[in-house]
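What follows is the content of entry_36.txt (compact mmCIF, C-alpha atoms).
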# COMPACT_ATOMS: atom_id res chain seq x y z
CA MET A 1 92.96 116.23 97.31
CA ALA A 2 93.80 112.59 96.71
CA SER A 3 96.77 113.45 94.53
CA SER A 4 98.16 115.91 97.08
CA LEU A 5 97.92 113.25 99.76
CA GLU A 6 99.68 110.80 97.48
CA ASN A 7 102.40 113.38 96.84
CA LEU A 8 102.89 113.86 100.56
CA GLU A 9 102.97 110.11 101.10
CA THR A 10 105.60 109.67 98.38
CA GLN A 11 107.73 112.47 99.80
CA LEU A 12 107.51 111.03 103.30
CA GLU A 13 108.43 107.58 102.02
CA LEU A 14 111.46 108.98 100.20
CA PHE A 15 112.46 110.86 103.33
CA ILE A 16 112.17 107.77 105.51
CA GLU A 17 114.11 105.75 102.97
CA ASN A 18 116.85 108.38 102.99
CA VAL A 19 117.05 108.25 106.77
CA ARG A 20 117.22 104.46 106.63
CA GLN A 21 120.13 104.59 104.21
CA ILE A 22 121.93 107.13 106.40
CA ARG A 23 121.47 104.73 109.31
CA ILE A 24 123.12 101.93 107.34
CA ILE A 25 126.02 104.16 106.29
CA VAL A 26 126.53 105.41 109.82
CA GLY A 27 126.07 101.95 111.38
CA ASP A 28 129.47 100.80 110.16
CA PHE A 29 131.09 103.93 108.86
CA GLN A 30 133.85 103.71 106.26
CA PRO A 31 136.11 106.72 105.60
CA GLN A 32 135.27 106.70 101.90
CA GLY A 33 131.59 107.04 102.80
CA GLN A 34 131.90 110.63 104.01
CA ASN A 35 130.96 112.13 100.64
CA VAL A 36 127.95 109.88 100.30
CA LEU A 37 126.92 110.76 103.85
CA ASN A 38 127.20 114.48 103.07
CA GLN A 39 125.01 114.01 99.99
CA LYS A 40 122.48 112.11 102.05
CA ILE A 41 122.36 114.85 104.68
CA GLN A 42 121.73 117.43 101.97
CA ALA A 43 119.04 115.15 100.56
CA LEU A 44 117.52 115.11 104.03
CA VAL A 45 117.25 118.92 104.02
CA HIS A 46 115.83 118.80 100.51
CA GLY A 47 113.28 116.21 101.61
CA LEU A 48 112.16 118.44 104.48
CA GLN A 49 111.82 121.34 102.06
CA GLU A 50 109.61 119.23 99.79
CA VAL A 51 107.40 118.12 102.69
CA ASP A 52 107.15 121.74 103.84
CA LYS A 53 106.04 122.83 100.36
CA LEU A 54 103.20 120.32 100.40
CA LYS A 55 101.72 121.46 103.71
CA SER A 56 99.50 124.08 102.03
CA GLN A 57 97.86 121.36 99.92
CA VAL A 58 96.70 119.32 102.89
CA GLN A 59 95.24 122.07 105.07
CA GLU A 60 91.73 120.76 104.48
CA VAL A 61 92.46 117.30 105.78
CA HIS A 62 90.98 116.76 109.22
CA VAL A 63 92.20 113.87 111.29
CA PRO A 64 90.44 112.83 114.53
CA LEU A 65 92.81 113.18 117.47
CA GLU A 66 91.79 109.72 118.70
CA VAL A 67 93.55 108.20 115.70
CA PHE A 68 96.84 109.47 117.08
CA ASP A 69 96.22 107.55 120.29
CA TYR A 70 95.87 104.35 118.29
CA ILE A 71 99.13 105.03 116.44
CA ASP A 72 100.93 106.00 119.65
CA GLN A 73 99.94 102.67 121.15
CA GLY A 74 101.44 100.87 118.16
CA ARG A 75 98.02 99.86 116.88
CA ASN A 76 96.67 99.86 113.36
CA PRO A 77 94.80 103.17 112.79
CA GLN A 78 92.29 101.30 110.64
CA LEU A 79 91.05 99.82 113.91
CA TYR A 80 89.75 103.30 114.76
CA THR A 81 87.58 103.27 111.62
CA LYS A 82 86.49 99.75 112.43
CA ASP A 83 85.59 100.68 116.00
CA CYS A 84 83.63 103.73 114.80
CA ILE A 85 81.68 101.62 112.34
CA GLU A 86 80.94 99.01 115.00
CA LYS A 87 79.73 101.72 117.37
CA ALA A 88 77.50 103.16 114.62
CA LEU A 89 76.13 99.66 113.94
CA THR A 90 75.31 99.09 117.61
CA LYS A 91 73.64 102.50 117.89
CA ASN A 92 71.73 101.88 114.70
CA GLU A 93 70.39 98.61 116.07
CA GLN A 94 69.34 100.29 119.31
CA VAL A 95 67.53 103.13 117.53
CA LYS A 96 65.87 100.71 115.13
CA GLY A 97 64.66 98.70 118.11
CA LYS A 98 63.18 101.85 119.62
CA ILE A 99 61.50 102.82 116.34
CA ASP A 100 59.99 99.34 115.98
CA ALA A 101 58.76 99.38 119.58
CA TYR A 102 57.15 102.81 119.13
CA ARG A 103 55.56 101.71 115.87
CA LYS A 104 54.02 98.67 117.57
CA PHE A 105 52.91 100.83 120.50
CA LYS A 106 51.29 103.35 118.14
CA ALA A 107 49.37 100.63 116.28
CA HIS A 108 48.26 99.05 119.53
CA LEU A 109 47.23 102.41 121.00
CA LEU A 110 45.18 103.29 117.92
CA VAL A 111 43.35 99.96 118.10
CA GLU A 112 42.61 100.42 121.78
CA LEU A 113 41.61 104.08 121.37
CA ASN A 114 39.37 103.12 118.51
CA SER A 115 37.50 100.71 120.72
CA VAL A 116 37.03 103.35 123.49
CA PHE A 117 36.74 106.60 121.48
CA PRO A 118 35.62 105.54 118.02
CA ASN A 119 34.17 108.93 117.01
CA GLU A 120 37.11 110.98 118.21
CA LEU A 121 39.51 108.67 116.54
CA THR A 122 37.65 108.89 113.26
CA LYS A 123 37.95 112.68 113.47
CA TYR A 124 41.59 112.42 114.43
CA ARG A 125 42.32 110.14 111.51
CA ALA A 126 40.41 112.40 109.14
CA ILE A 127 42.56 115.35 110.28
CA ARG A 128 45.67 113.25 109.82
CA GLY A 129 44.49 112.20 106.39
CA ASP A 130 44.79 108.56 107.36
CA GLU A 131 41.65 106.76 106.30
CA ARG A 132 43.01 103.24 106.22
CA PRO A 133 41.22 100.69 108.38
CA LEU A 134 42.89 99.85 111.66
CA THR A 135 44.41 96.40 111.92
CA MET B 1 33.36 111.32 128.61
CA ALA B 2 33.58 113.01 125.30
CA ASP B 3 33.16 116.39 127.00
CA GLN B 4 36.06 115.70 129.26
CA TYR B 5 38.18 114.77 126.30
CA ARG B 6 37.32 118.05 124.59
CA LYS B 7 38.17 120.04 127.69
CA VAL B 8 41.58 118.56 127.84
CA GLU B 9 42.00 119.21 124.17
CA GLN B 10 41.59 122.95 124.78
CA TYR B 11 44.91 123.06 126.55
CA SER B 12 47.16 122.05 123.78
CA PRO B 13 50.81 121.69 124.75
CA LYS B 14 51.65 124.51 122.39
CA SER B 15 49.26 127.05 123.88
CA SER B 16 50.08 126.47 127.52
CA PRO B 17 53.45 127.62 128.77
CA ARG B 18 55.69 124.87 130.02
CA GLY B 19 56.50 124.86 133.68
CA ALA B 20 53.46 126.94 134.70
CA ARG B 21 52.51 126.71 138.33
CA SER B 22 49.19 125.41 139.55
CA PRO B 23 46.97 128.33 140.53
CA VAL B 24 45.09 126.26 143.12
CA VAL B 25 47.94 124.93 145.17
CA SER B 26 50.67 127.40 145.95
CA ARG B 27 53.47 124.95 145.51
CA GLN B 28 56.66 125.23 143.60
CA ASP B 29 56.57 122.88 140.64
CA SER B 30 59.94 123.24 139.04
CA THR B 31 59.42 120.44 136.56
CA GLY B 32 56.18 121.83 135.14
CA THR B 33 54.74 118.39 134.60
CA LEU B 34 52.37 118.11 137.57
CA LYS B 35 49.22 120.06 136.92
CA THR B 36 46.79 117.93 138.95
CA THR B 37 46.37 117.83 142.71
CA ILE B 38 45.07 114.66 144.30
CA SER B 39 43.92 114.99 147.91
CA LEU B 40 43.23 111.90 149.96
CA GLY B 41 41.43 111.50 153.30
CA LYS B 42 37.72 111.42 154.09
CA ASN B 43 36.74 113.18 150.90
CA PRO B 44 39.25 112.24 148.28
CA SER B 45 39.24 114.63 145.36
CA ILE B 46 41.15 115.27 142.22
CA VAL B 47 41.56 118.93 141.34
CA HIS B 48 42.48 119.63 137.74
CA SER B 49 44.59 122.68 137.99
CA GLY B 50 45.70 122.65 134.41
CA PRO B 51 46.67 120.30 131.67
CA PHE B 52 49.43 117.85 132.06
CA TYR B 53 51.07 116.33 129.13
CA LEU B 54 53.76 113.80 128.51
CA MET B 55 55.16 115.30 125.38
CA LYS B 56 58.09 117.65 125.40
CA GLU B 57 58.53 120.15 122.64
CA PRO B 58 59.35 118.16 119.53
CA PRO B 59 62.90 118.58 118.30
CA GLY B 60 63.45 121.11 115.56
CA GLU B 61 63.19 119.72 112.09
CA SER B 62 66.42 119.07 110.27
CA GLU B 63 67.04 118.05 106.70
CA LEU B 64 69.28 115.17 107.64
CA THR B 65 67.73 112.52 109.83
CA GLY B 66 68.15 108.84 110.48
CA ALA B 67 65.73 108.21 107.63
CA THR B 68 68.62 108.91 105.27
CA ASN B 69 71.27 106.26 104.82
CA LEU B 70 74.02 108.18 106.55
CA MET B 71 76.71 105.72 105.48
CA ALA B 72 75.86 106.45 101.86
CA TYR B 73 75.40 110.17 102.54
CA TYR B 74 78.94 110.53 103.88
CA GLY B 75 80.41 108.12 101.32
CA LEU B 76 81.44 105.58 103.93
CA GLU B 77 79.95 102.49 102.32
CA HIS B 78 83.35 101.36 101.08
CA SER B 79 84.82 101.59 104.59
CA TYR B 80 81.77 99.85 105.98
CA SER B 81 82.08 96.86 103.66
CA LYS B 82 85.83 96.80 104.21
CA PHE B 83 85.82 96.74 108.00
CA SER B 84 82.50 95.50 109.30
CA GLY B 85 82.82 91.98 110.61
CA LYS B 86 86.29 91.50 109.19
CA LYS B 87 89.42 91.09 111.22
CA VAL B 88 91.92 93.90 110.96
CA LYS B 89 95.50 93.22 111.96
CA GLU B 90 96.29 94.84 115.30
CA GLN B 91 99.83 96.03 114.75
CA LEU B 92 100.80 99.36 113.30
CA SER B 93 103.47 97.58 111.25
CA SER B 94 100.76 95.75 109.31
CA PHE B 95 99.37 99.14 108.25
CA LEU B 96 102.80 100.53 107.40
CA PRO B 97 104.71 97.41 106.30
CA ASN B 98 107.51 99.35 104.62
CA LEU B 99 108.43 101.45 107.60
CA PRO B 100 111.82 100.38 109.00
CA GLY B 101 112.47 99.81 112.68
CA MET B 102 110.28 98.74 115.56
CA ILE B 103 107.10 100.76 115.21
CA ASP B 104 104.76 98.57 117.24
CA THR B 105 106.13 99.71 120.58
CA PRO B 106 104.19 102.44 122.43
CA GLY B 107 105.29 105.90 121.33
CA HIS B 108 105.79 107.32 124.81
CA LEU B 109 108.56 104.78 125.50
CA ASP B 110 110.95 106.24 122.95
CA ASN B 111 109.47 109.73 122.99
CA SER B 112 108.07 109.35 119.47
CA SER B 113 104.37 109.78 120.18
CA LEU B 114 102.28 111.98 117.90
CA ARG B 115 100.47 113.29 120.95
CA SER B 116 103.71 114.86 122.18
CA VAL B 117 104.01 116.70 118.83
CA ILE B 118 100.57 118.22 119.43
CA ASP B 119 101.22 119.00 123.08
CA LYS B 120 104.62 120.51 122.38
CA PRO B 121 104.73 121.67 118.77
CA PRO B 122 108.23 121.86 117.33
CA ILE B 123 109.78 125.18 116.43
CA GLY B 124 108.76 125.96 112.88
CA GLY B 125 108.46 128.84 110.48
CA LYS B 126 112.14 129.02 109.71
CA GLU B 127 113.39 128.60 106.18
CA LEU B 128 115.01 125.25 105.49
CA LEU B 129 118.38 125.77 103.85
CA PRO B 130 121.00 123.28 102.63
CA LEU B 131 123.96 122.92 104.94
CA THR B 132 127.15 124.81 104.13
CA SER B 133 130.47 122.99 103.91
CA VAL B 134 131.38 124.34 107.36
CA GLN B 135 128.16 122.98 108.81
CA LEU B 136 128.71 119.65 107.07
CA ALA B 137 132.08 119.38 108.74
CA GLY B 138 130.16 118.73 111.94
CA PHE B 139 129.01 115.44 110.45
CA ARG B 140 132.49 114.06 109.84
CA LEU B 141 132.44 110.61 111.37
CA HIS B 142 135.04 108.23 112.72
CA PRO B 143 135.31 104.96 110.81
CA GLY B 144 134.09 101.80 112.48
CA PRO B 145 130.89 100.31 113.79
CA LEU B 146 128.50 102.07 116.16
CA PRO B 147 128.83 101.54 119.90
CA GLU B 148 126.84 98.63 121.26
CA GLN B 149 124.07 100.68 122.86
CA TYR B 150 123.05 102.29 119.56
CA ARG B 151 123.24 99.17 117.45
CA TYR B 152 119.86 97.76 118.43
CA VAL B 153 118.16 100.42 116.31
CA ASN B 154 119.45 98.69 113.19
CA GLN B 155 117.63 95.50 113.98
CA ALA B 156 114.42 95.38 112.03
CA PRO B 157 111.66 93.24 113.50
CA GLN B 158 112.02 89.83 111.88
CA ARG B 159 108.63 88.45 111.04
CA LYS B 160 107.77 86.22 108.17
CA HIS B 161 104.52 87.87 107.23
CA LYS B 162 106.19 91.25 107.18
CA ASN B 163 108.71 90.11 104.60
CA LYS B 164 105.85 88.80 102.53
CA HIS B 165 104.33 92.27 102.57
CA LYS B 166 107.60 93.76 101.41
CA LYS B 167 107.88 91.31 98.56
CA HIS B 168 104.36 92.10 97.52
CA LYS B 169 105.17 95.80 97.43
CA HIS B 170 108.23 95.22 95.29
CA LYS B 171 106.15 93.34 92.80
CA ALA B 172 103.72 96.21 92.60
CA GLY B 173 106.64 98.35 91.44
CA GLU B 174 105.81 101.19 93.79
CA THR B 175 108.94 101.20 95.89
CA PRO B 176 111.94 103.11 94.65
CA SER B 177 114.84 101.13 93.25
CA GLN B 178 117.14 102.54 95.94
CA GLU B 179 115.32 100.64 98.60
CA THR B 180 115.74 97.33 96.87
CA GLN B 181 119.44 97.98 96.50
CA VAL B 182 119.87 98.78 100.14
CA THR B 183 117.80 95.86 101.34
CA GLU B 184 119.87 93.61 99.12
CA VAL B 185 123.01 95.02 100.66
CA GLY B 186 121.55 94.35 104.06
CA GLN B 187 120.71 90.80 103.08
CA ASP B 188 124.20 90.31 101.69
CA THR B 189 125.86 91.36 104.91
CA HIS B 190 123.52 89.11 106.78
CA GLU B 191 124.45 86.21 104.51
CA LYS B 192 128.15 86.94 104.89
CA LYS B 193 127.82 86.93 108.63
CA HIS B 194 125.90 83.72 108.45
CA LYS B 195 128.57 82.14 106.27
CA LYS B 196 131.31 83.26 108.66
CA GLN B 197 129.45 81.74 111.53
CA LYS B 198 129.02 78.51 109.58
CA ARG B 199 132.71 78.31 108.76
CA HIS B 200 133.57 78.93 112.38
CA ASP B 201 131.24 76.16 113.51
CA GLU B 202 132.65 73.74 110.96
CA GLU B 203 136.18 74.35 112.16
CA LYS B 204 135.13 73.75 115.72
CA GLU B 205 133.53 70.46 114.78
CA ARG B 206 136.55 69.32 112.85
CA LYS B 207 138.76 70.01 115.85
CA LYS B 208 136.39 68.11 118.08
CA ARG B 209 136.43 65.10 115.79
CA LYS B 210 140.25 65.11 115.73
CA LYS B 211 140.37 65.21 119.51
CA GLU B 212 137.92 62.34 119.76
CA LYS B 213 139.94 60.25 117.31
CA LYS B 214 143.06 60.86 119.35
CA ARG B 215 141.26 59.84 122.52
CA LYS B 216 139.98 56.66 120.87
CA LYS B 217 143.43 55.73 119.74
CA GLN B 218 144.80 56.31 123.21
CA LYS B 219 142.03 54.28 124.83
CA HIS B 220 142.36 51.32 122.49
CA SER B 221 146.12 51.27 122.65
CA PRO B 222 147.70 48.57 124.89
CA GLU B 223 149.15 51.33 127.03
CA HIS B 224 145.68 51.96 128.47
CA PRO B 225 144.49 48.70 130.03
CA GLY B 226 141.48 50.26 131.69
CA GLY B 227 139.96 51.28 128.36
CA LEU B 228 136.39 50.60 127.34
CA THR B 229 135.42 47.44 125.48
CA PRO B 230 134.11 48.06 121.97
CA SER B 231 130.56 47.34 123.08
CA GLN B 232 130.87 49.71 126.04
CA HIS B 233 132.32 52.34 123.79
CA SER B 234 129.50 52.23 121.31
CA SER B 235 126.96 52.55 124.08
CA GLY B 236 128.86 55.43 125.68
Here is the file; what I need is its structure written in the form of structure tokens.
Amino acid sequence: MASSLENLETQLELFIENVRQIRIIVGDFQPQGQNVLNQKIQALVHGLQEVDKLKSQVQEVHVPLEVFDYIDQGRNPQLYTKDCIEKALTKNEQVKGKIDAYRKFKAHLLVELNSVFPNELTKYRAIRGDERPLT
Amino acid sequence: MADQYRKVEQYSPKSSPRGARSPVVSRQDSTGTLKTTISLGKNPSIVHSGPFYLMKEPPGESELTGATNLMAYYGLEHSYSKFSGKKVKEQLSSFLPNLPGMIDTPGHLDNSSLRSVIDKPPIGGKELLPLTSVQLAGFRLHPGPLPEQYRYVNQAPQRKHKNKHKKHKHKAGETPSQETQVTEVGQDTHEKKHKKQKRHDEEKERKKRKKEKKRKKQKHSPEHPGGLTPSQHSSG
């Protein structure tokens, strides 16, 4: 997969480079440049053929549509990854906070229940297989 | 007390159907959480019409939970260490430093957005064939520079850090040799233009100096009695 992506990247780079050279030739056109221009145009078609050949190798690549929005706004698409990671970090902190709060609540509840229903709680803990003393 | 506890225990959340209505009070209980009726007044009473419980059905068990390090599971640790807390350059050109032209402008301005490709897919499925000589004749151009309105496209964004990126890439030996040639050509033309400009400026200055010398001579000559004194001249 990685090599096919690299192939596509190389082909696209060559294609872009070809277009850039055509732009320079056309920018201040000299009569003797017609043959070179014709060659470049044919190279353009060839480049498109090469890119087209590679499409079957990258069918499995899934790109989130949101990435395109970043690119369309002229922003670095790596910012999308960064934003996703930051969102995951924030969510992780929130969930961890909830887990910690529930854990403390559970411990506190067991202590309080133990003081009110000591027998029931002993049975409960026996069923749970938790014989450790309550803190 | 213990008896009461046992009674409640009989109605386990699993055995009693959720959302069951109280048999005592004929009242619609759409939520299914209220199973006790409390009546106030002279003789306040609490009627247990069924169990009530706070727990919903637990979620179905899945193999992958938050207990697993999901970053490691999906192989994202590298991305995590690369991006978390570090500053990433905002511009698209810093991600694609070798791409020519102005790529940091919004895509919808010059109709180059990727979204438009998805919304209106281009016509495809046709075989790509090299152009025939007749077709190539359509690309015969007139000599000379492009009209003014199309020339701006040639201007690459000039930023120092971008050039640094380019140099770095060249060193890595990844870019094709063609590119270096063309960029050199581009630089050459730029230098030539610069030199022309310089020469032009130098000529202008020389002419100016000549004119000034002439003026000085005229002012200091006895024919011009109202001329400046040397001290006045130096200050002026």
Report as a tab-separated table: every residue of chain B with an atom at most 6 Å from chain A, its closest pair of atoms, and their distance in Å to one decimal, counting only C-alpha atoms, with rows sorted by chain and ascending residue number.
residue	atom	partner	partner_atom	distance
B:Phe83	CA	A:Lys82	CA	5.4
B:Glu90	CA	A:Asn76	CA	5.4
B:Gln91	CA	A:Arg75	CA	4.7
B:Leu92	CA	A:Asn76	CA	4.2
B:Phe95	CA	A:Asn76	CA	5.8
B:Asp104	CA	A:Gly74	CA	4.1
B:Thr105	CA	A:Gly74	CA	5.4
B:Pro106	CA	A:Gln73	CA	4.4
B:Gly107	CA	A:Asp72	CA	4.7
B:Ser113	CA	A:Asp72	CA	5.1
B:Pro130	CA	A:Val45	CA	5.9
B:Pro143	CA	A:Phe29	CA	4.8
B:Gly144	CA	A:Phe29	CA	5.2
B:Pro145	CA	A:Asp28	CA	3.9
B:Leu146	CA	A:Gly27	CA	5.4
Two-atom distance - atom CA of Leu114 of chain B, atom CA of Glu148 of chain B (Å):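 Spanning atom CA of Leu114 of chain B to atom CA of Glu148 of chain B is a straight-line distance of 28.2 Å.
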Grab all the atoms of segment 19-38 of chain A that the file lists, wrap them in a box along x, y and z, add 6 Å per side, and give me centre plus edge lengths in Å (one decimal) as JSON.
{"center_x": 126.6, "center_y": 107.6, "center_z": 105.8, "size_x": 31.1, "size_y": 25.7, "size_z": 23.1}
Of the listed residues A:Leu113, A:Pro118, A:Ile99, A:Glu6, that which approaches Val51 of chain A most closely, counting only C-alpha atoms: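 Answer, going by the shortest atom-to-atom distance: A:Glu6.
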Point-to-point distance in Å for atom CA of Ser62 of chain B and atom CA of Lys106 of chain A: 23.2 Å
Interatomic distance, atom CA of Arg125 of chain A to atom CA of Thr68 of chain B (Å, one decimal): 27.1 Å
